[in-house]
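Student: Pasting a structure below so you can have a look.
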Amino acid sequence: ALEGFKLVQPPPEPRRVPTLEELRRFCAVLDNPRYRAIFLMLAKTGLRPCDLLSLRVSDIDWERRAVYPRRRSRTKRVWVTFFDGECEEALREYMRAYRVADRLFPVDVRVLHKVFRRASEKAGVKITAGMLRKWFCEEMLRRGVPEVYVDAFCGRVPRSVLARHYVDLSPEKLKEIYERAGLPKVALSGHDRSRDR
């Protein structure tokens with residue numbers, strides 16, 4: 001009697017991607033230089049939280065503002081991604097405040113989630129570490145960056161033969177595309193806030 005019965009799958013919930021204004025509200029309540037730097041790096045590099053937290057200081061190329069994460073697998077080959085001047089400033093402030101030796105961010109992912117939960121409550125807007133990766137992807141696409149390059153920044157292996165063999169995914173090309181995209185400032189100072197209105 002149940003042979004012809006089919007379970008109807010509910011439609012997937014639409015992805016929630018925070019707005020720039022929500023990111024700014026959240027960033028404004030992050031007083032700790034370490035978590036402010038983590039927040040900005042997640043928003044501006046497209047890295048997964050676990051990849052960011054496993055970075056060594058030696059994985060950062062300061063001259064090119066490049067990040068070479070360590071994670072490698074069949075489907076996840078984080079090749080290279082970049083950060084902007086806003087991130088560099090936050091990273092340098094964090095490194096002046098803390099003695100950073102080997103691991104760039106010696107933080108457990110559960111602690112990071114707890115810090116983000118508290119900051120979300122304080123800011124009145126829910127932001128998770130995973131949402132920042134979604135924001136990065138959407139912002140890059142909105143600024144006209146082709147999907148294959150967004151995938152490369154995020155460590156996703158290109159799906160098509162064309163992308164795998166004929167698209168220039170060299171660090172030089174990726175840096176040029178990253179800089180041309182011009183991600184917006186997230187951590188606004190008082191002067192920036194009045195000018196932004």
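By convention in this document, the chains of the structure tokens carry letters A, B, ... by their order, each chain's residues are numbered from 1, and ligands are numbered from 1 in the order they are shown.
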Among region 30-111 of chain A, which ones does DSSP place in alpha helix (DSSP H), written as a ChimeraX atom specification?

Tutor: /A:33-45,49-53,85-97,109-111

Student: Okay, now the selection with C-alpha atoms, as a short mmCIF file (atom, residue, chain, number, x, y, z; two decimals), in the first residue's frame?

Tutor:
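Final file, part.cif:
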data_model
loop_
_atom_site.label_atom_id
_atom_site.label_comp_id
_atom_site.auth_asym_id
_atom_site.auth_seq_id
_atom_site.Cartn_x
_atom_site.Cartn_y
_atom_site.Cartn_z
CA PRO A 33 42.16 42.91 18.73
CA ARG A 34 42.46 39.13 18.23
CA TYR A 35 38.78 38.53 17.48
CA ARG A 36 38.51 41.70 15.44
CA ALA A 37 41.40 40.46 13.25
CA ILE A 38 39.81 36.99 12.96
CA PHE A 39 36.46 38.54 12.01
CA LEU A 40 37.98 40.73 9.29
CA MET A 41 40.16 37.92 7.93
CA LEU A 42 37.12 35.62 7.66
CA ALA A 43 35.13 38.32 5.88
CA LYS A 44 37.89 39.39 3.49
CA THR A 45 39.64 36.10 2.59
CA PRO A 49 37.12 29.11 10.14
CA CYS A 50 39.12 25.88 10.59
CA ASP A 51 41.56 26.91 7.84
CA LEU A 52 42.02 30.40 9.28
CA LEU A 53 42.61 29.07 12.80
CA GLY A 85 44.68 47.03 3.88
CA GLU A 86 41.91 46.99 6.49
CA CYS A 87 42.83 43.40 7.40
CA GLU A 88 46.53 44.16 7.43
CA GLU A 89 45.96 47.01 9.89
CA ALA A 90 43.87 44.76 12.18
CA LEU A 91 46.42 41.92 11.95
CA ARG A 92 49.31 44.21 12.83
CA GLU A 93 47.37 45.70 15.75
CA TYR A 94 46.63 42.18 17.02
CA MET A 95 50.27 41.10 16.64
CA ARG A 96 51.43 44.17 18.59
CA ALA A 97 48.98 43.35 21.42
CA VAL A 109 36.95 26.93 17.07
CA ARG A 110 34.44 26.40 19.92
CA VAL A 111 35.80 29.46 21.71
#

Student: Near region 115-125 of chain A, counting only C-alpha atoms, which residues have an atom at most 6 Å away, once you skip same-chain residues fewer than 3 positions from it, shown as an mmCIF file with all heavy atoms, in the first residue's frame?

Tutor:
data_model
loop_
_atom_site.group_PDB
_atom_site.id
_atom_site.type_symbol
_atom_site.label_atom_id
_atom_site.label_comp_id
_atom_site.auth_asym_id
_atom_site.auth_seq_id
_atom_site.Cartn_x
_atom_site.Cartn_y
_atom_site.Cartn_z
ATOM 1 N N ARG A 25 27.899 46.703 12.309
ATOM 2 C CA ARG A 25 27.364 46.714 13.687
ATOM 3 C C ARG A 25 28.060 45.659 14.538
ATOM 4 O O ARG A 25 28.410 45.901 15.693
ATOM 5 C CB ARG A 25 25.853 46.446 13.662
ATOM 6 C CG ARG A 25 25.024 47.696 13.393
ATOM 7 C CD ARG A 25 23.587 47.382 13.077
ATOM 8 N NE ARG A 25 22.932 46.542 14.058
ATOM 9 C CZ ARG A 25 21.791 45.880 13.830
ATOM 10 N NH1 ARG A 25 21.197 45.955 12.651
ATOM 11 N NH2 ARG A 25 21.240 45.162 14.780
ATOM 12 N N PHE A 26 28.265 44.487 13.964
ATOM 13 C CA PHE A 26 28.913 43.387 14.676
ATOM 14 C C PHE A 26 30.371 43.738 14.971
ATOM 15 O O PHE A 26 30.847 43.567 16.093
ATOM 16 C CB PHE A 26 28.829 42.117 13.825
ATOM 17 C CG PHE A 26 29.383 40.881 14.470
ATOM 18 C CD1 PHE A 26 28.570 40.079 15.264
ATOM 19 C CD2 PHE A 26 30.704 40.510 14.290
ATOM 20 C CE1 PHE A 26 29.082 38.922 15.860
ATOM 21 C CE2 PHE A 26 31.217 39.370 14.882
ATOM 22 C CZ PHE A 26 30.402 38.569 15.659
ATOM 23 N N LEU A 112 35.827 30.450 19.495
ATOM 24 C CA LEU A 112 35.469 31.451 18.482
ATOM 25 C C LEU A 112 33.949 31.546 18.331
ATOM 26 O O LEU A 112 33.395 32.644 18.307
ATOM 27 C CB LEU A 112 36.105 31.089 17.133
ATOM 28 C CG LEU A 112 35.743 32.020 15.970
ATOM 29 C CD1 LEU A 112 36.257 33.436 16.220
ATOM 30 C CD2 LEU A 112 36.283 31.477 14.655
#

Student: Any idea what the distance is between CA of Asp151 (chain A) and CA of Leu23 (chain A)?

Tutor: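 So the answer is 22.2 Å.
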
Student: Using only C-alpha atoms, determine which residues lie at most 12 Å from Leu55 (chain A), disregarding the query and same-chain residues fewer than 2 positions distant; provide the list as a compact mmCIF listing (two decimals) with all heavy atoms, in the first residue's frame.

Tutor:
# COMPACT_ATOMS: atom_id res chain seq x y z
N ILE A 38 40.41 38.24 13.47
CA ILE A 38 39.81 36.99 12.96
C ILE A 38 38.56 37.31 12.15
O ILE A 38 38.37 36.79 11.04
CB ILE A 38 39.49 36.03 14.13
CG1 ILE A 38 40.78 35.46 14.73
CG2 ILE A 38 38.57 34.89 13.67
CD1 ILE A 38 40.58 34.63 15.98
N MET A 41 39.52 38.90 8.81
CA MET A 41 40.16 37.92 7.93
C MET A 41 39.14 36.94 7.36
O MET A 41 39.21 36.57 6.19
CB MET A 41 41.26 37.17 8.69
CG MET A 41 42.51 37.99 8.92
SD MET A 41 43.44 38.36 7.39
CE MET A 41 44.27 36.78 7.12
N LEU A 47 38.13 32.33 3.70
CA LEU A 47 38.60 31.10 4.33
C LEU A 47 37.55 30.49 5.26
O LEU A 47 36.75 31.21 5.85
CB LEU A 47 39.87 31.38 5.15
CG LEU A 47 41.16 31.64 4.37
CD1 LEU A 47 42.25 32.09 5.32
CD2 LEU A 47 41.59 30.40 3.60
N ARG A 48 37.59 29.18 5.38
CA ARG A 48 36.78 28.49 6.38
C ARG A 48 37.39 28.79 7.75
O ARG A 48 38.62 28.93 7.87
CB ARG A 48 36.83 26.96 6.18
CG ARG A 48 36.31 26.49 4.85
CD ARG A 48 36.65 25.00 4.62
NE ARG A 48 36.34 24.63 3.27
CZ ARG A 48 37.17 24.79 2.23
NH1 ARG A 48 38.39 25.30 2.42
NH2 ARG A 48 36.80 24.43 1.02
N PRO A 49 36.56 28.85 8.80
CA PRO A 49 37.12 29.11 10.14
C PRO A 49 38.24 28.15 10.52
O PRO A 49 39.27 28.58 11.04
CB PRO A 49 35.90 28.95 11.07
CG PRO A 49 34.74 29.28 10.19
CD PRO A 49 35.09 28.78 8.81
N CYS A 50 38.08 26.85 10.21
CA CYS A 50 39.12 25.88 10.59
C CYS A 50 40.43 26.15 9.85
O CYS A 50 41.51 25.97 10.40
CB CYS A 50 38.64 24.45 10.36
SG CYS A 50 38.13 24.12 8.67
N ASP A 51 40.34 26.60 8.59
CA ASP A 51 41.56 26.91 7.84
C ASP A 51 42.24 28.16 8.39
O ASP A 51 43.46 28.22 8.50
CB ASP A 51 41.24 27.10 6.36
CG ASP A 51 40.84 25.80 5.67
OD1 ASP A 51 41.33 24.74 6.11
OD2 ASP A 51 40.05 25.84 4.72
N LEU A 52 41.44 29.17 8.73
CA LEU A 52 42.02 30.40 9.28
C LEU A 52 42.72 30.11 10.61
O LEU A 52 43.83 30.57 10.85
CB LEU A 52 40.94 31.46 9.48
CG LEU A 52 41.48 32.80 9.99
CD1 LEU A 52 42.21 33.56 8.90
CD2 LEU A 52 40.38 33.66 10.57
N LEU A 53 42.06 29.32 11.47
CA LEU A 53 42.61 29.07 12.80
C LEU A 53 43.81 28.13 12.77
O LEU A 53 44.53 28.02 13.75
CB LEU A 53 41.52 28.52 13.73
CG LEU A 53 40.35 29.47 14.00
CD1 LEU A 53 39.37 28.84 14.98
CD2 LEU A 53 40.83 30.82 14.52
N VAL A 57 52.14 31.79 11.19
CA VAL A 57 52.62 33.12 10.81
C VAL A 57 53.34 33.04 9.46
O VAL A 57 53.22 33.93 8.62
CB VAL A 57 53.55 33.71 11.90
CG1 VAL A 57 54.16 35.02 11.46
CG2 VAL A 57 52.78 33.89 13.20
N SER A 58 54.04 31.93 9.24
CA SER A 58 54.79 31.75 7.99
C SER A 58 53.89 31.56 6.77
O SER A 58 54.38 31.59 5.63
CB SER A 58 55.74 30.55 8.12
OG SER A 58 55.01 29.38 8.43
N ASP A 59 52.59 31.35 6.96
CA ASP A 59 51.64 31.20 5.84
C ASP A 59 51.21 32.55 5.26
O ASP A 59 50.48 32.61 4.28
CB ASP A 59 50.39 30.43 6.28
CG ASP A 59 50.71 29.01 6.71
OD1 ASP A 59 51.67 28.43 6.18
OD2 ASP A 59 49.99 28.47 7.58
N ILE A 60 51.63 33.63 5.91
CA ILE A 60 51.27 34.98 5.47
C ILE A 60 52.41 35.59 4.68
O ILE A 60 53.55 35.62 5.14
CB ILE A 60 50.95 35.89 6.68
CG1 ILE A 60 49.85 35.31 7.55
CG2 ILE A 60 50.61 37.32 6.23
CD1 ILE A 60 48.48 35.33 6.96
N ASP A 61 52.10 36.07 3.49
CA ASP A 61 53.06 36.83 2.69
C ASP A 61 52.64 38.30 2.80
O ASP A 61 51.71 38.74 2.12
CB ASP A 61 53.01 36.34 1.23
CG ASP A 61 53.96 37.12 0.32
OD1 ASP A 61 54.40 38.22 0.69
OD2 ASP A 61 54.24 36.62 -0.79
N VAL A 67 47.68 34.84 1.55
CA VAL A 67 47.58 33.78 2.56
C VAL A 67 47.68 32.45 1.83
O VAL A 67 46.95 32.21 0.87
CB VAL A 67 46.23 33.84 3.31
CG1 VAL A 67 46.19 32.80 4.42
CG2 VAL A 67 45.98 35.23 3.88
N TYR A 68 48.57 31.59 2.31
CA TYR A 68 48.73 30.25 1.73
C TYR A 68 48.33 29.21 2.78
O TYR A 68 49.18 28.72 3.52
CB TYR A 68 50.18 30.04 1.29
CG TYR A 68 50.59 30.95 0.16
CD1 TYR A 68 51.17 32.19 0.41
CD2 TYR A 68 50.38 30.58 -1.17
CE1 TYR A 68 51.53 33.04 -0.63
CE2 TYR A 68 50.75 31.41 -2.21
CZ TYR A 68 51.32 32.64 -1.94
OH TYR A 68 51.67 33.47 -2.96
N PRO A 69 47.04 28.89 2.86
CA PRO A 69 46.59 27.93 3.89
C PRO A 69 47.17 26.53 3.67
O PRO A 69 47.57 26.18 2.57
CB PRO A 69 45.07 27.92 3.73
CG PRO A 69 44.77 29.16 2.96
CD PRO A 69 45.95 29.38 2.07
N ARG A 70 47.14 25.74 4.73
CA ARG A 70 47.77 24.42 4.72
C ARG A 70 46.85 23.29 4.29
O ARG A 70 47.31 22.23 3.94
CB ARG A 70 48.28 24.10 6.13
CG ARG A 70 49.33 25.07 6.52
CD ARG A 70 49.70 25.02 7.98
NE ARG A 70 50.87 25.88 8.14
CZ ARG A 70 52.11 25.41 8.15
NH1 ARG A 70 52.34 24.14 8.04
NH2 ARG A 70 53.11 26.24 8.27
N ARG A 71 45.56 23.47 4.38
CA ARG A 71 44.63 22.36 4.17
C ARG A 71 44.69 21.86 2.72
O ARG A 71 44.61 22.61 1.79
CB ARG A 71 43.20 22.79 4.48
CG ARG A 71 42.22 21.66 4.46
CD ARG A 71 40.87 22.19 4.79
NE ARG A 71 40.15 21.23 5.60
CZ ARG A 71 38.90 21.37 5.94
NH1 ARG A 71 38.24 22.44 5.59
NH2 ARG A 71 38.32 20.47 6.66
N VAL A 78 42.99 24.67 -0.73
CA VAL A 78 43.09 26.11 -0.56
C VAL A 78 44.44 26.53 -1.11
O VAL A 78 45.48 26.22 -0.55
CB VAL A 78 42.93 26.49 0.92
CG1 VAL A 78 42.93 28.00 1.06
CG2 VAL A 78 41.67 25.91 1.49
N VAL A 100 52.69 36.63 19.27
CA VAL A 100 52.33 35.61 18.30
C VAL A 100 53.60 34.91 17.87
O VAL A 100 54.51 35.54 17.33
CB VAL A 100 51.61 36.23 17.07
CG1 VAL A 100 51.21 35.15 16.09
CG2 VAL A 100 50.40 37.04 17.52
N ALA A 101 53.67 33.60 18.12
CA ALA A 101 54.89 32.86 17.80
C ALA A 101 54.71 32.03 16.52
O ALA A 101 55.12 32.44 15.45
CB ALA A 101 55.28 31.96 18.97
N ASP A 102 54.04 30.90 16.64
CA ASP A 102 53.93 29.99 15.51
C ASP A 102 52.54 30.06 14.87
O ASP A 102 52.39 30.53 13.75
CB ASP A 102 54.25 28.56 15.98
CG ASP A 102 54.24 27.56 14.83
OD1 ASP A 102 54.55 27.96 13.70
OD2 ASP A 102 53.90 26.40 15.07
N ARG A 103 51.52 29.62 15.64
CA ARG A 103 50.16 29.71 15.11
C ARG A 103 49.70 31.16 15.12
O ARG A 103 49.84 31.85 16.11
CB ARG A 103 49.19 28.87 15.96
CG ARG A 103 48.94 27.49 15.38
CD ARG A 103 48.00 26.70 16.23
NE ARG A 103 46.61 27.15 16.10
CZ ARG A 103 45.66 26.84 16.98
NH1 ARG A 103 45.94 26.11 18.04
NH2 ARG A 103 44.44 27.25 16.79
N LEU A 104 49.14 31.59 14.00
CA LEU A 104 48.70 32.99 13.90
C LEU A 104 47.59 33.29 14.90
O LEU A 104 47.63 34.30 15.60
CB LEU A 104 48.23 33.29 12.47
CG LEU A 104 47.83 34.72 12.18
CD1 LEU A 104 49.00 35.69 12.39
CD2 LEU A 104 47.29 34.86 10.75
N PHE A 105 46.59 32.39 14.97
CA PHE A 105 45.47 32.57 15.90
C PHE A 105 45.32 31.31 16.76
O PHE A 105 44.58 30.39 16.39
CB PHE A 105 44.17 32.83 15.14
CG PHE A 105 44.15 34.08 14.32
CD1 PHE A 105 44.10 34.02 12.94
CD2 PHE A 105 44.19 35.33 14.92
CE1 PHE A 105 44.07 35.18 12.17
CE2 PHE A 105 44.17 36.50 14.17
CZ PHE A 105 44.12 36.42 12.79
N PRO A 106 46.02 31.23 17.90
CA PRO A 106 45.90 30.04 18.75
C PRO A 106 44.57 30.03 19.51
O PRO A 106 44.52 30.29 20.71
CB PRO A 106 47.11 30.15 19.68
CG PRO A 106 47.42 31.61 19.71
CD PRO A 106 46.97 32.20 18.41
N VAL A 107 43.50 29.78 18.77
CA VAL A 107 42.14 29.83 19.31
C VAL A 107 41.42 28.55 18.92
O VAL A 107 41.52 28.11 17.78
CB VAL A 107 41.37 31.05 18.73
CG1 VAL A 107 39.92 31.05 19.16
CG2 VAL A 107 42.03 32.36 19.15

Student: State, in Å with one decimal place, the distance from CA of Val80 (chain A) to CA of Leu20 (chain A).

Tutor: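 Here the two named atoms are 24.4 Å from each other.
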
Student: DSSP on the backbone, then: every residue of region 45-116 of chain A marked strand (DSSP E), written as number ranges by chain.

Tutor: A: 60-61, 66-67, 81-82

Student: Since we have the selection now, will you write its residues out, keeping C-alpha atoms, as a PDB file, in the first residue's frame?

Tutor:
ATOM      1  CA  ILE A  60      51.265  34.980   5.468  1.00  0.00           C
ATOM      2  CA  ASP A  61      53.062  36.826   2.689  1.00  0.00           C
ATOM      3  CA  ALA A  66      48.595  36.777   0.444  1.00  0.00           C
ATOM      4  CA  VAL A  67      47.582  33.785   2.562  1.00  0.00           C
ATOM      5  CA  THR A  81      43.733  33.983  -1.086  1.00  0.00           C
ATOM      6  CA  PHE A  82      44.357  37.585  -0.150  1.00  0.00           C
TER       7      PHE A  82
END

Student: Measuring atom to atom with only C-alpha atoms, identify which of A:Arg99, A:Lys114, A:Glu179, A:Arg142 is nearest to Ala129 (chain A).

Tutor: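 With only C-alpha atoms as the atom set, the closest residue is A:Lys114.
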
Student: Go ahead and compute the interatomic distance for CA of Val17 (chain A) and CA of Val186 (chain A), in Å to one decimal.

Tutor: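 Separating CA of Val17 (chain A) from CA of Val186 (chain A) is a distance of 14.8 Å.
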